[in-house]
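Have a look at the structure below before the remarks.
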Amino acid sequence: MTLFEIIILAIIQGLTEFLPISSSAHLLLPAEVLGWRNQGLAFDVAVHVGSLLAVMIYFRNDILQMTGAFFKHGFSQQQTTDSKLAWFVVIGTIPAVIAGFLLKDLIETHARSAAVIATTTILFGLLLWYADVKAKHVQKLEQLTLRQTIIIGLAQMLALIPGTSRSGITMTAGLMLGLNRESSARFSFLLSIPVILGAGLLAVKDLLEANEAVDWSALIYGAGFSFVSAYLCIFLFLSWISRIGMLPFVIYRLLLGAVLIAFIFW
């Protein structure tokens, strides 16, 4: 890859990992429109590392508090808000792990077409709009319940379908359950930590098995630009989402889906 391709793909990964706009659709566009080759396993690992570092550094205080509370109160009857939230992140991740283990090969074989990605980009974009319009926007993250966590975790399984958007579907579920926009986004971002870590470890495993040659400069640039774009994305999204709502992202998804459909039938 050229340096330009590395920068563009890393920024795309960093932004779309956390915005509710589907990373699959965006990573498909350079290949479809510009004819760029697949970036390879090593680069995939690098940009995942960048995204993971960004979300962990941004939420470092939350992570430290949750981790400390989990080991202090997590196995007792005197749960704190932080220990419960730590449990909820674990519980909310389990459905996606199980579904990924059972369905990964099936989805990669049959669901990674441009038609599927265009369709899910539009449909789940409309669902996000519906959830945002109908949501009560009253519940804070501290008031999250086990029932809500399980439902959000089950919704996250749908993100295995390309074009759905992991952040988009978890925010949609959170909004439908009554969480306010910022709380839906924060829990979605916290849920992303074990998911991104797991995806990165699987990519490392595949990389080691493939014995792929490594371009270290590409990896460094990829991780760096992914980190910067992901961190800025999280910061700006949480700063603005309560005011702007989900409509801008819904409109963007509809336009993106339309562009993909145009390329399918062009």
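Letters A, B, ... mark the chains of the structure tokens in the order given; residue numbers begin at 1 per chain; ligand numbers begin at 1, in order shown.
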
Could you list, with a cut-off of 10 Å and counting only C-alpha atoms, the residues of range 84-202 of chain A near range 238-253 of chain A, each shown with its nearest atom pair and the distance in Å rounded to one decimal, rows sorted by chain and ascending number, as JSON lines?
```
{"residue": "A:Ala118", "atom": "CA", "partner": "A:Arg253", "partner_atom": "CA", "distance": 9.1}
{"residue": "A:Thr120", "atom": "CA", "partner": "A:Arg253", "partner_atom": "CA", "distance": 9.6}
{"residue": "A:Thr121", "atom": "CA", "partner": "A:Arg253", "partner_atom": "CA", "distance": 5.9}
{"residue": "A:Ile122", "atom": "CA", "partner": "A:Arg253", "partner_atom": "CA", "distance": 6.0}
{"residue": "A:Leu123", "atom": "CA", "partner": "A:Arg253", "partner_atom": "CA", "distance": 9.1}
{"residue": "A:Phe124", "atom": "CA", "partner": "A:Arg253", "partner_atom": "CA", "distance": 8.7}
{"residue": "A:Gly125", "atom": "CA", "partner": "A:Val250", "partner_atom": "CA", "distance": 5.1}
{"residue": "A:Leu126", "atom": "CA", "partner": "A:Val250", "partner_atom": "CA", "distance": 6.6}
{"residue": "A:Leu127", "atom": "CA", "partner": "A:Val250", "partner_atom": "CA", "distance": 8.9}
{"residue": "A:Leu128", "atom": "CA", "partner": "A:Val250", "partner_atom": "CA", "distance": 6.9}
{"residue": "A:Trp129", "atom": "CA", "partner": "A:Val250", "partner_atom": "CA", "distance": 6.1}
{"residue": "A:Tyr130", "atom": "CA", "partner": "A:Leu247", "partner_atom": "CA", "distance": 9.7}
{"residue": "A:Ala131", "atom": "CA", "partner": "A:Met246", "partner_atom": "CA", "distance": 9.2}
{"residue": "A:Asp132", "atom": "CA", "partner": "A:Met246", "partner_atom": "CA", "distance": 6.4}
{"residue": "A:Val133", "atom": "CA", "partner": "A:Met246", "partner_atom": "CA", "distance": 8.8}
{"residue": "A:His137", "atom": "CA", "partner": "A:Ser242", "partner_atom": "CA", "distance": 9.4}
{"residue": "A:Gly163", "atom": "CA", "partner": "A:Arg253", "partner_atom": "CA", "distance": 9.6}
{"residue": "A:Gly168", "atom": "CA", "partner": "A:Phe249", "partner_atom": "CA", "distance": 9.4}
{"residue": "A:Met171", "atom": "CA", "partner": "A:Met246", "partner_atom": "CA", "distance": 9.7}
{"residue": "A:Thr172", "atom": "CA", "partner": "A:Met246", "partner_atom": "CA", "distance": 9.6}
{"residue": "A:Asn180", "atom": "CA", "partner": "A:Ser242", "partner_atom": "CA", "distance": 8.0}
{"residue": "A:Arg181", "atom": "CA", "partner": "A:Ser242", "partner_atom": "CA", "distance": 5.8}
{"residue": "A:Glu182", "atom": "CA", "partner": "A:Leu238", "partner_atom": "CA", "distance": 6.1}
{"residue": "A:Ser183", "atom": "CA", "partner": "A:Leu238", "partner_atom": "CA", "distance": 9.2}
{"residue": "A:Ala185", "atom": "CA", "partner": "A:Leu238", "partner_atom": "CA", "distance": 7.2}
{"residue": "A:Arg186", "atom": "CA", "partner": "A:Leu238", "partner_atom": "CA", "distance": 7.7}
```

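The neighbours of Leu154 in chain A here are the residues that come within 8 Å of it, using only C-alpha atoms and leaving out any residue fewer than 3 positions away in the same chain; they are A:Gly92, A:Pro95, A:Ala96, A:Ile150, A:Ile151, A:Met157, A:Leu158.
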
Exercise for review: List the neighbours of Leu202 in chain A out to 12 Å using only C-alpha atoms; skip same-chain residues closer than 4 positions along the sequence, and give me the result as JSON, numbers by chain.
Suggested key: {"A": [41, 42, 44, 45, 48, 97, 100, 101, 104, 195, 196, 197, 198, 206, 207, 208, 209]}

Considering only C-alpha atoms, tabulate each residue of range 164-211 of chain A that lies at most 9 Å from range 55-79 of chain A along with its nearest interatomic pair and the corresponding distance in Å to one decimal; arrange the rows by chain and ascending residue number and present them as a tab-separated table.
```
residue	atom	partner	partner_atom	distance
A:Phe189	CA	A:Val55	CA	7.2
A:Leu190	CA	A:Phe59	CA	7.9
A:Ser192	CA	A:Val55	CA	8.2
A:Ile193	CA	A:Val55	CA	7.1
```

For the selection you just gave me, I'd like the residues written to a file as a PDB file, in the first residue's frame, keeping N, CA and C atoms.
```
ATOM      1  N   PHE A 189     -19.464   2.242  23.586  1.00  0.00           N
ATOM      2  CA  PHE A 189     -18.012   2.355  23.508  1.00  0.00           C
ATOM      3  C   PHE A 189     -17.324   1.427  24.511  1.00  0.00           C
ATOM      4  N   LEU A 190     -17.889   1.309  25.707  1.00  0.00           N
ATOM      5  CA  LEU A 190     -17.312   0.387  26.690  1.00  0.00           C
ATOM      6  C   LEU A 190     -17.435  -1.060  26.207  1.00  0.00           C
ATOM      7  N   SER A 192     -17.292  -1.964  23.239  1.00  0.00           N
ATOM      8  CA  SER A 192     -16.378  -2.164  22.109  1.00  0.00           C
ATOM      9  C   SER A 192     -15.013  -2.673  22.552  1.00  0.00           C
ATOM     10  N   ILE A 193     -14.632  -2.417  23.805  1.00  0.00           N
ATOM     11  CA  ILE A 193     -13.277  -2.766  24.254  1.00  0.00           C
ATOM     12  C   ILE A 193     -13.018  -4.269  24.163  1.00  0.00           C
TER      13      ILE A 193
END
```

Please provide the set of residues having any atom within 8 Å of range 230-237 of chain A, restricted to only C-alpha atoms, with same-chain residues fewer than 3 positions apart removed, written as a PDB file with C-alpha atoms, in the first residue's frame.
```
ATOM      1  CA  ILE A  11      -8.694   7.023   9.390  1.00  0.00           C
ATOM      2  CA  GLN A  13     -11.151   2.349  10.578  1.00  0.00           C
ATOM      3  CA  GLY A  14     -10.718   4.781  13.457  1.00  0.00           C
ATOM      4  CA  LEU A  15     -13.860   6.760  12.624  1.00  0.00           C
ATOM      5  CA  GLU A  17     -15.343   1.737  14.546  1.00  0.00           C
ATOM      6  CA  PHE A  18     -17.247   4.106  16.828  1.00  0.00           C
ATOM      7  CA  LEU A  19     -19.623   6.152  14.667  1.00  0.00           C
ATOM      8  CA  GLY A  50      -4.908   1.925  17.317  1.00  0.00           C
ATOM      9  CA  SER A  51      -8.675   1.925  17.863  1.00  0.00           C
ATOM     10  CA  ALA A  54      -7.922   5.185  21.734  1.00  0.00           C
ATOM     11  CA  VAL A  55     -11.028   3.911  23.511  1.00  0.00           C
ATOM     12  CA  TYR A  58     -10.321   7.925  26.616  1.00  0.00           C
ATOM     13  CA  SER A 226      -6.279   4.912  13.542  1.00  0.00           C
ATOM     14  CA  PHE A 227      -5.576   5.968  17.136  1.00  0.00           C
ATOM     15  CA  TRP A 240     -22.156  16.625  20.345  1.00  0.00           C
ATOM     16  CA  ILE A 241     -24.549  13.669  20.360  1.00  0.00           C
TER      17      ILE A 241
END
```

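Each of A:Arg166, A:Leu141, A:Ile7, A:Thr80 was compared to Pro20 in chain A using only C-alpha atoms, and A:Arg166 turns out to be the nearest.
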
Practice item. Would you return as number ranges by chain the members of range 26-224 of chain A that DSSP assigns to helix (DSSP H, G or I) on this structure's backbone? Key: A: 26-34, 41-58, 60-73, 81-110, 114-134, 141-143, 146-160, 166-176, 181-210, 216-224

Exercise for review: Skip His26 in chain A itself and residues of its chain fewer than 2 positions away, then list as a list of chain:residue names all residues within 10 Å of it, counting only C-alpha atoms.
Suggested key: A:Leu9, A:Ile12, A:Gln13, A:Leu15, A:Thr16, A:Ile21, A:Ser22, A:Ser23, A:Ser24, A:Leu28, A:Leu29, A:Pro30, A:Ala31, A:Ile117, A:Gly163, A:Leu256, A:Leu260
